[in-house]
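Novice: Sending over work29.tsv (TSV, C-alpha atoms and all ligand atoms).
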chain	number	residue	atom	x	y	z
U	1	MET	CA	20.06	-48.44	-36.91
U	2	LYS	CA	21.77	-48.55	-40.34
U	3	SER	CA	24.90	-46.87	-39.02
U	4	GLU	CA	25.00	-49.22	-36.04
U	5	ILE	CA	24.67	-52.28	-38.29
U	6	LEU	CA	27.47	-50.92	-40.44
U	7	ALA	CA	29.69	-50.28	-37.42
U	8	LEU	CA	29.08	-53.79	-36.09
U	9	LEU	CA	29.79	-55.48	-39.42
U	10	ARG	CA	32.96	-53.44	-39.81
U	11	GLU	CA	34.14	-54.20	-36.29
U	12	ARG	CA	33.46	-57.93	-36.65
U	13	GLY	CA	35.09	-58.22	-40.08
U	14	ASP	CA	33.23	-61.50	-40.48
U	15	TYR	CA	29.67	-62.76	-40.81
U	16	VAL	CA	27.15	-61.57	-38.24
U	17	SER	CA	23.99	-63.63	-38.09
U	18	GLY	CA	20.60	-62.08	-38.75
U	19	GLN	CA	19.52	-63.40	-35.37
U	20	GLU	CA	22.32	-61.54	-33.57
U	21	LEU	CA	21.45	-58.32	-35.39
U	22	CYS	CA	17.76	-58.71	-34.48
U	23	GLY	CA	18.64	-59.29	-30.84
U	24	ARG	CA	21.14	-56.44	-30.71
U	25	PHE	CA	18.77	-53.84	-32.13
U	26	ASN	CA	15.58	-55.40	-30.86
U	27	VAL	CA	13.93	-55.49	-34.28
U	28	SER	CA	12.48	-58.14	-36.59
U	29	ARG	CA	14.44	-60.06	-39.23
U	30	THR	CA	12.54	-58.16	-41.88
U	31	ALA	CA	13.67	-54.86	-40.41
U	32	VAL	CA	17.31	-56.01	-40.50
U	33	TRP	CA	16.92	-57.30	-44.03
U	34	LYS	CA	15.41	-53.96	-45.10
U	35	ALA	CA	18.16	-51.92	-43.44
U	36	VAL	CA	20.86	-54.02	-45.10
U	37	GLY	CA	19.06	-53.67	-48.43
U	38	GLN	CA	19.09	-49.88	-48.07
U	39	LEU	CA	22.79	-49.85	-47.19
U	40	LYS	CA	23.49	-51.95	-50.28
U	41	LYS	CA	21.51	-49.49	-52.38
U	42	GLU	CA	23.66	-46.67	-51.02
U	43	GLY	CA	26.71	-48.50	-52.33
U	44	PHE	CA	27.97	-50.59	-49.39
U	45	SER	CA	29.05	-54.02	-50.40
U	46	ILE	CA	27.34	-56.39	-47.97
U	47	GLU	CA	27.27	-60.12	-48.59
U	48	ALA	CA	24.35	-62.19	-47.30
U	49	VAL	CA	24.91	-65.94	-46.94
U	50	GLN	CA	22.29	-68.37	-45.67
U	51	ASN	CA	22.99	-69.78	-42.22
U	52	ARG	CA	25.94	-67.43	-41.74
U	53	GLY	CA	24.46	-63.95	-41.95
U	54	TYR	CA	25.81	-60.67	-43.26
U	55	ARG	CA	29.39	-59.57	-43.94
U	56	LEU	CA	30.76	-56.22	-45.00
U	57	VAL	CA	33.06	-56.70	-47.94
U	58	GLN	CA	35.78	-54.08	-47.66
U	59	GLU	CA	35.67	-51.79	-50.61
U	60	GLU	CA	36.06	-48.11	-51.34
U	61	GLU	CA	34.46	-45.76	-48.88
U	62	VAL	CA	30.86	-44.74	-49.52
U	63	PHE	CA	31.07	-41.15	-48.29
U	64	GLY	CA	27.80	-40.15	-46.67
U	65	GLN	CA	25.64	-40.11	-43.56
U	66	HIS	CA	26.04	-43.76	-42.58
U	67	GLU	CA	29.77	-43.96	-43.20
U	68	LEU	CA	30.33	-40.85	-41.07
U	69	GLU	CA	27.93	-41.88	-38.32
U	70	SER	CA	29.20	-45.44	-38.11
U	71	ARG	CA	32.83	-44.32	-37.77
U	72	MET	CA	32.41	-41.34	-35.41
U	73	ASP	CA	34.07	-42.69	-32.27
U	74	THR	CA	34.28	-39.38	-30.42
U	75	ARG	CA	32.44	-38.44	-27.24
U	76	TRP	CA	30.85	-35.18	-28.43
U	77	ALA	CA	32.66	-33.61	-31.39
U	78	GLY	CA	30.79	-34.81	-34.46
U	79	HIS	CA	27.57	-35.72	-32.64
U	80	PRO	CA	25.20	-35.50	-34.29
U	81	VAL	CA	26.70	-35.46	-37.74
U	82	THR	CA	24.48	-34.43	-40.63
U	83	TYR	CA	25.53	-35.09	-44.18
U	84	TYR	CA	24.22	-33.28	-47.25
U	85	GLU	CA	24.96	-34.03	-50.87
U	86	VAL	CA	24.65	-30.35	-51.74
U	87	LEU	CA	24.55	-27.26	-49.56
U	88	ASP	CA	25.14	-23.60	-50.21
U	89	SER	CA	27.69	-23.57	-47.39
U	90	THR	CA	28.24	-25.81	-44.36
U	91	ASN	CA	28.96	-22.68	-42.31
U	92	LEU	CA	25.60	-21.15	-43.24
U	93	ARG	CA	23.75	-24.40	-42.49
U	94	ALA	CA	25.57	-24.78	-39.17
U	95	LYS	CA	24.64	-21.24	-38.16
U	96	LEU	CA	20.96	-21.91	-38.88
U	97	ASP	CA	21.13	-25.21	-37.00
U	98	ALA	CA	22.85	-23.55	-34.03
U	99	GLU	CA	20.14	-20.88	-33.91
U	100	LYS	CA	17.51	-23.62	-33.86
U	101	GLY	CA	19.22	-25.28	-30.89
U	102	ALA	CA	21.74	-27.74	-32.34
U	103	PRO	CA	24.10	-28.72	-29.53
U	104	GLN	CA	27.81	-28.11	-29.13
U	105	GLY	CA	29.61	-30.76	-31.20
U	106	ALA	CA	27.02	-30.95	-33.97
U	107	LEU	CA	28.79	-31.32	-37.29
U	108	VAL	CA	27.56	-30.40	-40.77
U	109	VAL	CA	29.25	-32.13	-43.70
U	110	ALA	CA	28.65	-31.66	-47.42
U	111	ASP	CA	29.87	-33.39	-50.54
U	112	MET	CA	29.51	-30.17	-52.49
U	113	GLN	CA	28.89	-26.48	-51.77
U	114	THR	CA	27.30	-24.06	-54.18
U	115	ALA	CA	28.33	-20.97	-52.22
U	116	GLY	CA	31.39	-22.09	-50.24
U	117	ARG	CA	32.68	-19.15	-48.22
U	118	GLY	CA	36.32	-18.22	-47.82
U	119	ARG	CA	37.98	-15.56	-45.70
U	120	ARG	CA	37.64	-11.87	-46.49
U	121	GLY	CA	34.45	-12.36	-48.47
U	122	ARG	CA	36.11	-14.65	-50.99
U	123	SER	CA	34.44	-17.78	-52.29
U	124	TRP	CA	35.73	-21.30	-51.70
U	125	SER	CA	35.72	-23.60	-54.68
U	126	SER	CA	33.72	-26.67	-53.59
U	127	PRO	CA	33.27	-29.27	-56.35
U	128	ALA	CA	31.43	-32.56	-55.68
U	129	GLY	CA	32.87	-35.99	-55.04
U	130	THR	CA	36.38	-35.08	-54.03
U	131	ASN	CA	36.89	-32.86	-50.97
U	132	ALA	CA	35.88	-32.60	-47.33
U	133	TYR	CA	33.74	-29.60	-46.39
U	134	PHE	CA	32.56	-29.50	-42.80
U	135	THR	CA	31.56	-27.12	-40.01
U	136	LEU	CA	31.52	-27.79	-36.28
U	137	ILE	CA	29.12	-25.99	-33.93
U	138	LEU	CA	30.51	-24.82	-30.60
U	139	LYS	CA	28.79	-23.06	-27.71
U	140	PRO	CA	31.64	-22.08	-25.41
U	141	ASP	CA	31.02	-20.10	-22.28
U	142	PHE	CA	33.72	-17.45	-22.64
U	143	GLU	CA	34.20	-13.89	-23.88
U	144	PRO	CA	33.86	-13.31	-27.63
U	145	ASP	CA	37.47	-12.12	-27.94
U	146	LYS	CA	38.68	-15.65	-27.20
U	147	ALA	CA	36.81	-17.17	-30.13
U	148	SER	CA	39.62	-16.67	-32.62
U	149	MET	CA	41.65	-19.22	-30.65
U	150	LEU	CA	39.16	-21.87	-31.76
U	151	THR	CA	40.53	-21.55	-35.28
U	152	LEU	CA	43.94	-22.41	-33.88
U	153	VAL	CA	42.47	-25.42	-32.10
U	154	MET	CA	40.89	-26.56	-35.37
U	155	ALA	CA	44.19	-26.00	-37.18
U	156	MET	CA	45.95	-28.36	-34.77
U	157	ALA	CA	43.15	-30.88	-35.20
U	158	VAL	CA	43.23	-30.75	-39.00
U	159	ALA	CA	47.03	-31.08	-39.07
U	160	GLU	CA	46.85	-34.09	-36.75
U	161	GLY	CA	43.89	-35.59	-38.62
U	162	ILE	CA	45.80	-35.41	-41.89
U	163	ARG	CA	48.83	-37.07	-40.31
U	164	GLU	CA	46.66	-39.85	-38.88
U	165	ALA	CA	44.64	-40.41	-42.05
U	166	CYS	CA	47.44	-40.31	-44.59
U	167	GLY	CA	50.77	-39.98	-42.82
U	168	LEU	CA	51.58	-36.61	-44.37
U	169	GLU	CA	53.53	-33.93	-42.55
U	170	ALA	CA	50.88	-31.21	-42.36
U	171	LEU	CA	51.91	-27.80	-41.07
U	172	ILE	CA	49.94	-24.77	-39.93
U	173	LYS	CA	50.22	-21.49	-41.75
U	174	TRP	CA	49.02	-19.14	-39.04
U	175	PRO	CA	46.18	-18.67	-38.48
U	176	ASN	CA	43.82	-20.25	-41.02
U	177	ASP	CA	45.64	-22.51	-43.46
U	178	ILE	CA	47.10	-25.99	-43.44
U	179	VAL	CA	49.95	-26.70	-45.82
U	180	VAL	CA	51.55	-29.87	-47.12
U	181	GLY	CA	54.69	-29.72	-49.22
U	182	GLY	CA	54.57	-25.92	-49.17
U	183	LYS	CA	51.06	-25.70	-50.62
U	184	LYS	CA	47.64	-25.08	-49.12
U	185	VAL	CA	45.51	-28.18	-48.57
U	186	CYS	CA	42.97	-26.68	-46.18
U	187	GLY	CA	41.39	-23.34	-45.33
U	188	MET	CA	39.35	-22.55	-42.25
U	189	LEU	CA	36.63	-20.01	-41.55
U	190	THR	CA	35.39	-19.28	-38.05
U	191	GLU	CA	32.21	-17.25	-37.61
U	192	LEU	CA	30.78	-15.97	-34.40
U	193	SER	CA	27.31	-15.03	-33.21
U	194	VAL	CA	27.28	-12.66	-30.26
U	195	GLN	CA	24.37	-11.14	-28.38
U	196	GLN	CA	24.82	-8.62	-25.57
U	197	GLU	CA	28.49	-9.50	-25.31
U	198	TYR	CA	27.77	-13.23	-24.91
U	199	ILE	CA	28.65	-15.88	-27.44
U	200	GLN	CA	25.51	-17.53	-28.83
U	201	HIS	CA	27.53	-19.94	-30.93
U	202	VAL	CA	30.71	-20.25	-32.92
U	203	VAL	CA	30.92	-22.22	-36.15
U	204	VAL	CA	34.31	-23.44	-37.29
U	205	GLY	CA	34.36	-24.55	-40.92
U	206	ALA	CA	37.13	-26.26	-42.83
U	207	GLY	CA	37.57	-27.27	-46.43
U	208	VAL	CA	40.22	-29.91	-47.10
U	209	ASN	CA	41.39	-30.64	-50.63
U	210	VAL	CA	41.44	-34.42	-50.75
U	211	GLY	CA	41.11	-35.87	-54.27
U	212	ILE	CA	43.15	-35.06	-57.34
U	213	GLN	CA	41.45	-32.17	-59.12
U	214	GLU	CA	42.03	-29.20	-61.33
U	215	PHE	CA	42.12	-26.07	-59.19
U	216	PRO	CA	40.75	-22.71	-60.37
U	217	PRO	CA	43.56	-20.73	-62.07
U	218	GLU	CA	43.82	-18.15	-59.27
U	219	ILE	CA	44.86	-20.81	-56.73
U	220	ALA	CA	46.48	-23.38	-59.04
U	221	ASP	CA	50.02	-22.38	-57.99
U	222	THR	CA	49.45	-22.44	-54.26
U	223	ALA	CA	46.89	-25.26	-53.72
U	224	ALA	CA	47.53	-28.97	-53.29
U	225	CYS	CA	45.48	-32.04	-52.45
U	226	LEU	CA	46.16	-34.92	-50.08
U	227	GLU	CA	45.84	-37.77	-52.58
U	228	GLU	CA	48.44	-36.31	-54.88
U	229	GLU	CA	50.79	-35.65	-51.97
U	230	CYS	CA	50.51	-39.13	-50.46
U	231	GLY	CA	49.95	-41.10	-53.66
U	232	ARG	CA	46.92	-43.09	-52.53
U	233	ARG	CA	43.20	-42.80	-51.88
U	234	VAL	CA	42.26	-40.90	-48.73
U	235	PRO	CA	38.84	-41.87	-47.36
U	236	ARG	CA	37.08	-38.61	-46.52
U	237	ALA	CA	34.92	-39.91	-43.67
U	238	GLN	CA	37.95	-41.38	-41.93
U	239	LEU	CA	39.79	-38.11	-42.35
U	240	ILE	CA	36.91	-36.14	-40.80
U	241	VAL	CA	36.64	-38.60	-37.90
U	242	HIS	CA	40.38	-38.28	-37.18
U	243	ILE	CA	40.00	-34.49	-37.20
U	244	MET	CA	37.04	-34.62	-34.79
U	245	LYS	CA	38.96	-36.92	-32.46
U	246	ALA	CA	41.93	-34.54	-32.39
U	247	PHE	CA	39.64	-31.51	-32.03
U	248	GLU	CA	37.98	-32.98	-28.97
U	249	LYS	CA	41.36	-33.58	-27.35
U	250	TYR	CA	42.81	-30.12	-28.06
U	251	TYR	CA	39.57	-28.25	-27.31
U	252	GLU	CA	39.26	-29.86	-23.89
U	253	LYS	CA	42.88	-29.03	-23.12
U	254	PHE	CA	42.33	-25.41	-24.17
U	255	MET	CA	39.10	-25.09	-22.16
U	256	GLU	CA	40.90	-26.12	-18.94
U	257	THR	CA	42.65	-22.74	-18.79
U	258	LEU	CA	41.28	-20.71	-21.73
U	259	ASP	CA	44.89	-19.86	-22.35
U	260	PHE	CA	46.76	-21.05	-25.40
U	261	SER	CA	50.03	-21.48	-23.46
U	262	VAL	CA	49.06	-25.11	-22.78
U	263	LEU	CA	49.07	-25.82	-26.52
U	264	LYS	CA	51.83	-23.41	-27.56
U	265	GLU	CA	54.62	-25.96	-27.80
U	266	ALA	CA	52.58	-28.40	-29.86
U	267	TYR	CA	51.31	-25.54	-32.04
U	268	ASP	CA	54.74	-24.00	-32.64
U	269	ASN	CA	56.11	-27.43	-33.60
U	270	ARG	CA	53.55	-27.49	-36.40
U	271	LEU	CA	53.90	-23.84	-37.35
U	272	VAL	CA	55.35	-23.34	-40.78
U	273	ASN	CA	58.27	-20.87	-40.81
U	274	CYS	CA	58.64	-20.82	-37.02
U	275	GLY	CA	62.12	-19.43	-36.37
U	276	ARG	CA	62.43	-18.26	-39.99
U	277	GLU	CA	62.04	-14.97	-41.78
U	278	VAL	CA	58.47	-14.03	-42.70
U	279	CYS	CA	56.82	-11.13	-44.43
U	280	VAL	CA	53.82	-9.59	-42.67
U	281	LEU	CA	51.36	-8.16	-45.17
U	282	ASP	CA	49.82	-5.53	-42.95
U	283	PRO	CA	47.48	-3.10	-44.76
U	284	LYS	CA	49.23	-0.34	-42.78
U	285	GLY	CA	52.59	-1.38	-44.22
U	286	GLU	CA	54.48	-4.58	-44.95
U	287	TYR	CA	57.44	-5.62	-42.85
U	288	THR	CA	59.70	-8.62	-42.39
U	289	GLY	CA	61.04	-10.30	-39.28
U	290	ILE	CA	61.61	-13.69	-37.69
U	291	SER	CA	58.52	-15.67	-36.69
U	292	ARG	CA	58.80	-16.56	-32.99
U	293	GLY	CA	55.62	-18.63	-32.67
U	294	ILE	CA	52.40	-17.71	-30.89
U	295	ASN	CA	51.66	-16.11	-27.52
U	296	SER	CA	49.15	-17.14	-24.86
U	297	VAL	CA	46.20	-15.70	-26.80
U	298	GLY	CA	47.17	-17.18	-30.15
U	299	GLU	CA	48.69	-14.10	-31.75
U	300	LEU	CA	51.84	-14.44	-33.81
U	301	LEU	CA	55.07	-12.95	-32.49
U	302	VAL	CA	57.50	-11.51	-35.01
U	303	GLU	CA	60.98	-10.32	-34.06
U	304	LEU	CA	62.04	-7.24	-36.00
U	305	PRO	CA	65.60	-6.60	-37.20
U	306	ASP	CA	66.19	-4.18	-34.27
U	307	GLY	CA	65.41	-6.97	-31.79
U	308	SER	CA	61.99	-5.66	-30.76
U	309	GLU	CA	58.95	-7.92	-30.99
U	310	ARG	CA	55.67	-7.19	-32.77
U	311	THR	CA	52.40	-8.96	-32.11
U	312	VAL	CA	50.44	-9.86	-35.22
U	313	TYR	CA	46.66	-10.08	-34.84
U	314	ALA	CA	44.74	-12.26	-37.27
U	315	GLY	CA	42.13	-9.99	-38.87
U	316	GLU	CA	43.24	-8.49	-42.13
U	317	VAL	CA	46.89	-9.38	-41.84
U	318	SER	CA	48.46	-12.22	-43.74
U	319	VAL	CA	51.89	-13.72	-43.13
U	320	ARG	CA	54.04	-15.28	-45.81
U	321	GLY	CA	57.46	-16.76	-46.14
U	322	ILE	CA	59.79	-14.37	-47.88
U	323	TYR	CA	59.78	-16.42	-51.08
U	324	GLY	CA	56.04	-16.73	-51.72
U	325	TYR	CA	52.93	-18.34	-50.25
U	326	VAL	CA	54.77	-20.32	-47.56
B	1	LIG	C1	39.85	-19.66	-46.60
B	1	LIG	O1	40.97	-20.17	-46.68
B	1	LIG	O2	39.56	-18.63	-47.22
B	1	LIG	C2	38.82	-20.32	-45.73
B	1	LIG	C3	38.03	-21.35	-46.48
B	1	LIG	C4	37.03	-22.09	-45.64
B	1	LIG	C5	36.21	-23.07	-46.46
B	1	LIG	C6	35.34	-23.96	-45.65
B	1	LIG	S1	34.62	-25.24	-46.60
B	1	LIG	C7	33.56	-25.65	-45.29
B	1	LIG	C8	33.11	-24.36	-44.64
B	1	LIG	N1	31.94	-23.84	-45.34
B	1	LIG	C9	32.19	-22.71	-45.96
B	1	LIG	O3	31.37	-22.08	-46.64
B	1	LIG	N2	33.47	-22.35	-45.78
B	1	LIG	C10	34.17	-23.28	-44.94
Since I need it in another form, could you write the structure as structure tokens?
Specialist:
Amino acid sequence: MKSEILALLRERGDYVSGQELCGRFNVSRTAVWKAVGQLKKEGFSIEAVQNRGYRLVQEEEVFGQHELESRMDTRWAGHPVTYYEVLDSTNLRAKLDAEKGAPQGALVVADMQTAGRGRRGRSWSSPAGTNAYFTLILKPDFEPDKASMLTLVMAMAVAEGIREACGLEALIKWPNDIVVGGKKVCGMLTELSVQQEYIQHVVVGAGVNVGIQEFPPEIADTAACLEEECGRRVPRAQLIVHIMKAFEKYYEKFMETLDFSVLKEAYDNRLVNCGREVCVLDPKGEYTGISRGINSVGELLVELPDGSERTVYAGEVSVRGIYGYV
């Protein structure tokens, strides 16, 4: 009920009487009073005036369960949302939840991770109070080899969510990174559980650098954060909600055909270095060519100097601009 009260107060932007709240949620005045008291304790600024009721005084976001729940205006992506102050990793938690029956669309969010996981067994620096770490549970009914395309769907959603939340031009560095101003602001990690060739669940995790922070030395040159890039506060819950909204839209479009062709144009428009020279860091040997965007299964096409085209599979390969990270 707390999230619903919050949503109603926010929507109204004015006083809502205790009587209306009681009627709406079918509870006693004491129950409303208690719920408001708890919200205030969590940090929400709610004014109570006799004969007028309660009013939410707009202040800085209180990132947490009720802020997320009260803003989540999606149909399924982000429902339910579960917030933790500290987790080892949202991906690990999401996998356990999925195994215990959490539905498609369930979202795990943390303020801090003690064992944030990056790609290729690396760790993901996850300090408290500043970034968005979240993992979405999906249970798609398709062959496991299609699951990597879900990372591309999330990439489009994160890029759009960032644009919506802070107006920044966010681009996709195929397949797992989002960049702003030539630096990485988000990394994604998709993990798959398969049994007898059927997908049990897929978890798609993303870590977005939001607040101004000191990055670990090994990423200091290539990492950036949204608040520094846009020069103002970026409310994390609103950012996550925008991402979920965009995810829902792109996922449904993708699921209509299970073919990435339907999203190719929109994806290529966001693809950093599309039409430019890139360097493919393939463990079997590096090569350069012109990035020609993705194909119908989400692989990157690179045109070689002799005019032939190579298909780059995600896996161990990484693609860079010829002058550095982007
Ligand atoms: C990478 O660029 O290496 C991928 C980083 C993915 C980090 C996110 S943070 C939320 C989710 N939980 C994790 O443990 N990892 C992902």
Novice: For the interface of chain U with ligand LIG 1 (chain B) (cut-off 8 Å, counting only C-alpha atoms and all ligand atoms), please tabulate each contacting residue of chain U alongside its nearest pair of atoms and their separation in Å to one decimal, rows sorted by chain and increasing number, as CSV.
Specialist:
residue,atom,partner,partner_atom,distance
U:Asp88,CA,B:LIG1,O3,7.3
U:Ser89,CA,B:LIG1,O3,4.0
U:Thr90,CA,B:LIG1,N1,4.3
U:Asn91,CA,B:LIG1,N1,4.4
U:Leu92,CA,B:LIG1,O3,6.8
U:Val109,CA,B:LIG1,C7,7.9
U:Gln113,CA,B:LIG1,O3,7.2
U:Ala115,CA,B:LIG1,O3,6.5
U:Gly116,CA,B:LIG1,O3,3.6
U:Arg117,CA,B:LIG1,O3,3.6
U:Gly118,CA,B:LIG1,O2,3.3
U:Arg119,CA,B:LIG1,O2,3.8
U:Arg120,CA,B:LIG1,O2,7.1
U:Arg122,CA,B:LIG1,O2,6.5
U:Ser123,CA,B:LIG1,O2,7.3
U:Trp124,CA,B:LIG1,C5,5.6
U:Ser126,CA,B:LIG1,S1,7.2
U:Ala132,CA,B:LIG1,S1,7.5
U:Tyr133,CA,B:LIG1,C7,4.1
U:Phe134,CA,B:LIG1,C7,4.7
U:Thr135,CA,B:LIG1,C8,5.6
U:Asn176,CA,B:LIG1,O1,6.3
U:Asp177,CA,B:LIG1,O1,6.1
U:Cys186,CA,B:LIG1,O1,6.8
U:Gly187,CA,B:LIG1,O1,3.5
U:Met188,CA,B:LIG1,C4,4.1
U:Leu189,CA,B:LIG1,C4,4.6
U:Val204,CA,B:LIG1,C8,7.5
U:Gly205,CA,B:LIG1,C8,3.9
U:Ala206,CA,B:LIG1,C6,4.1
U:Gly207,CA,B:LIG1,S1,3.6
U:Val208,CA,B:LIG1,S1,7.3
Novice: Nearest residue to U:Gln104 out of U:Tyr287, U:Trp76, U:Tyr325, U:Tyr313, using only C-alpha atoms?
Specialist: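 For U:Gln104, the nearest of the candidates is U:Trp76.
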Novice: Pick out the closest residue to U:Met149 from this set: U:Val297, U:Ile219, U:Leu6, U:Val62. Count only C-alpha atoms.
Specialist: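 Smallest separation from U:Met149 among the options: U:Val297.
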Novice: Report as a PDB file with C-alpha atoms, in the frame of the given file all protein, DNA and RNA residues lying within 6 Å of stretch 260-275 of chain U, evaluated on all atoms listed in the file, omitting residues in the same chain fewer than 5 positions from it.
Specialist:
ATOM      1  CA  LEU U 171      51.910 -27.800 -41.070  1.00  0.00           C
ATOM      2  CA  ILE U 172      49.940 -24.770 -39.930  1.00  0.00           C
ATOM      3  CA  LYS U 173      50.220 -21.490 -41.750  1.00  0.00           C
ATOM      4  CA  ILE U 290      61.610 -13.690 -37.690  1.00  0.00           C
ATOM      5  CA  SER U 291      58.520 -15.670 -36.690  1.00  0.00           C
ATOM      6  CA  ARG U 292      58.800 -16.560 -32.990  1.00  0.00           C
ATOM      7  CA  GLY U 293      55.620 -18.630 -32.670  1.00  0.00           C
ATOM      8  CA  SER U 296      49.150 -17.140 -24.860  1.00  0.00           C
ATOM      9  CA  VAL U 297      46.200 -15.700 -26.800  1.00  0.00           C
TER      10      VAL U 297
END
Novice: List as a PyMOL selection string the protein and nucleic acid residues near U:Ala314, meaning an atom at most 10 Å away when only C-alpha atoms are counted, but skip any in the same chain fewer than 4 places from it.
Specialist: chain U and resi 148+174-176+298-300+318-319
Novice: Got a sec: who's within 10 Å of stretch 224-238 of chain U, counting all atoms listed in the file, leaving out chain neighbours fewer than 6 positions off, as a count of residues only?
Specialist: 46
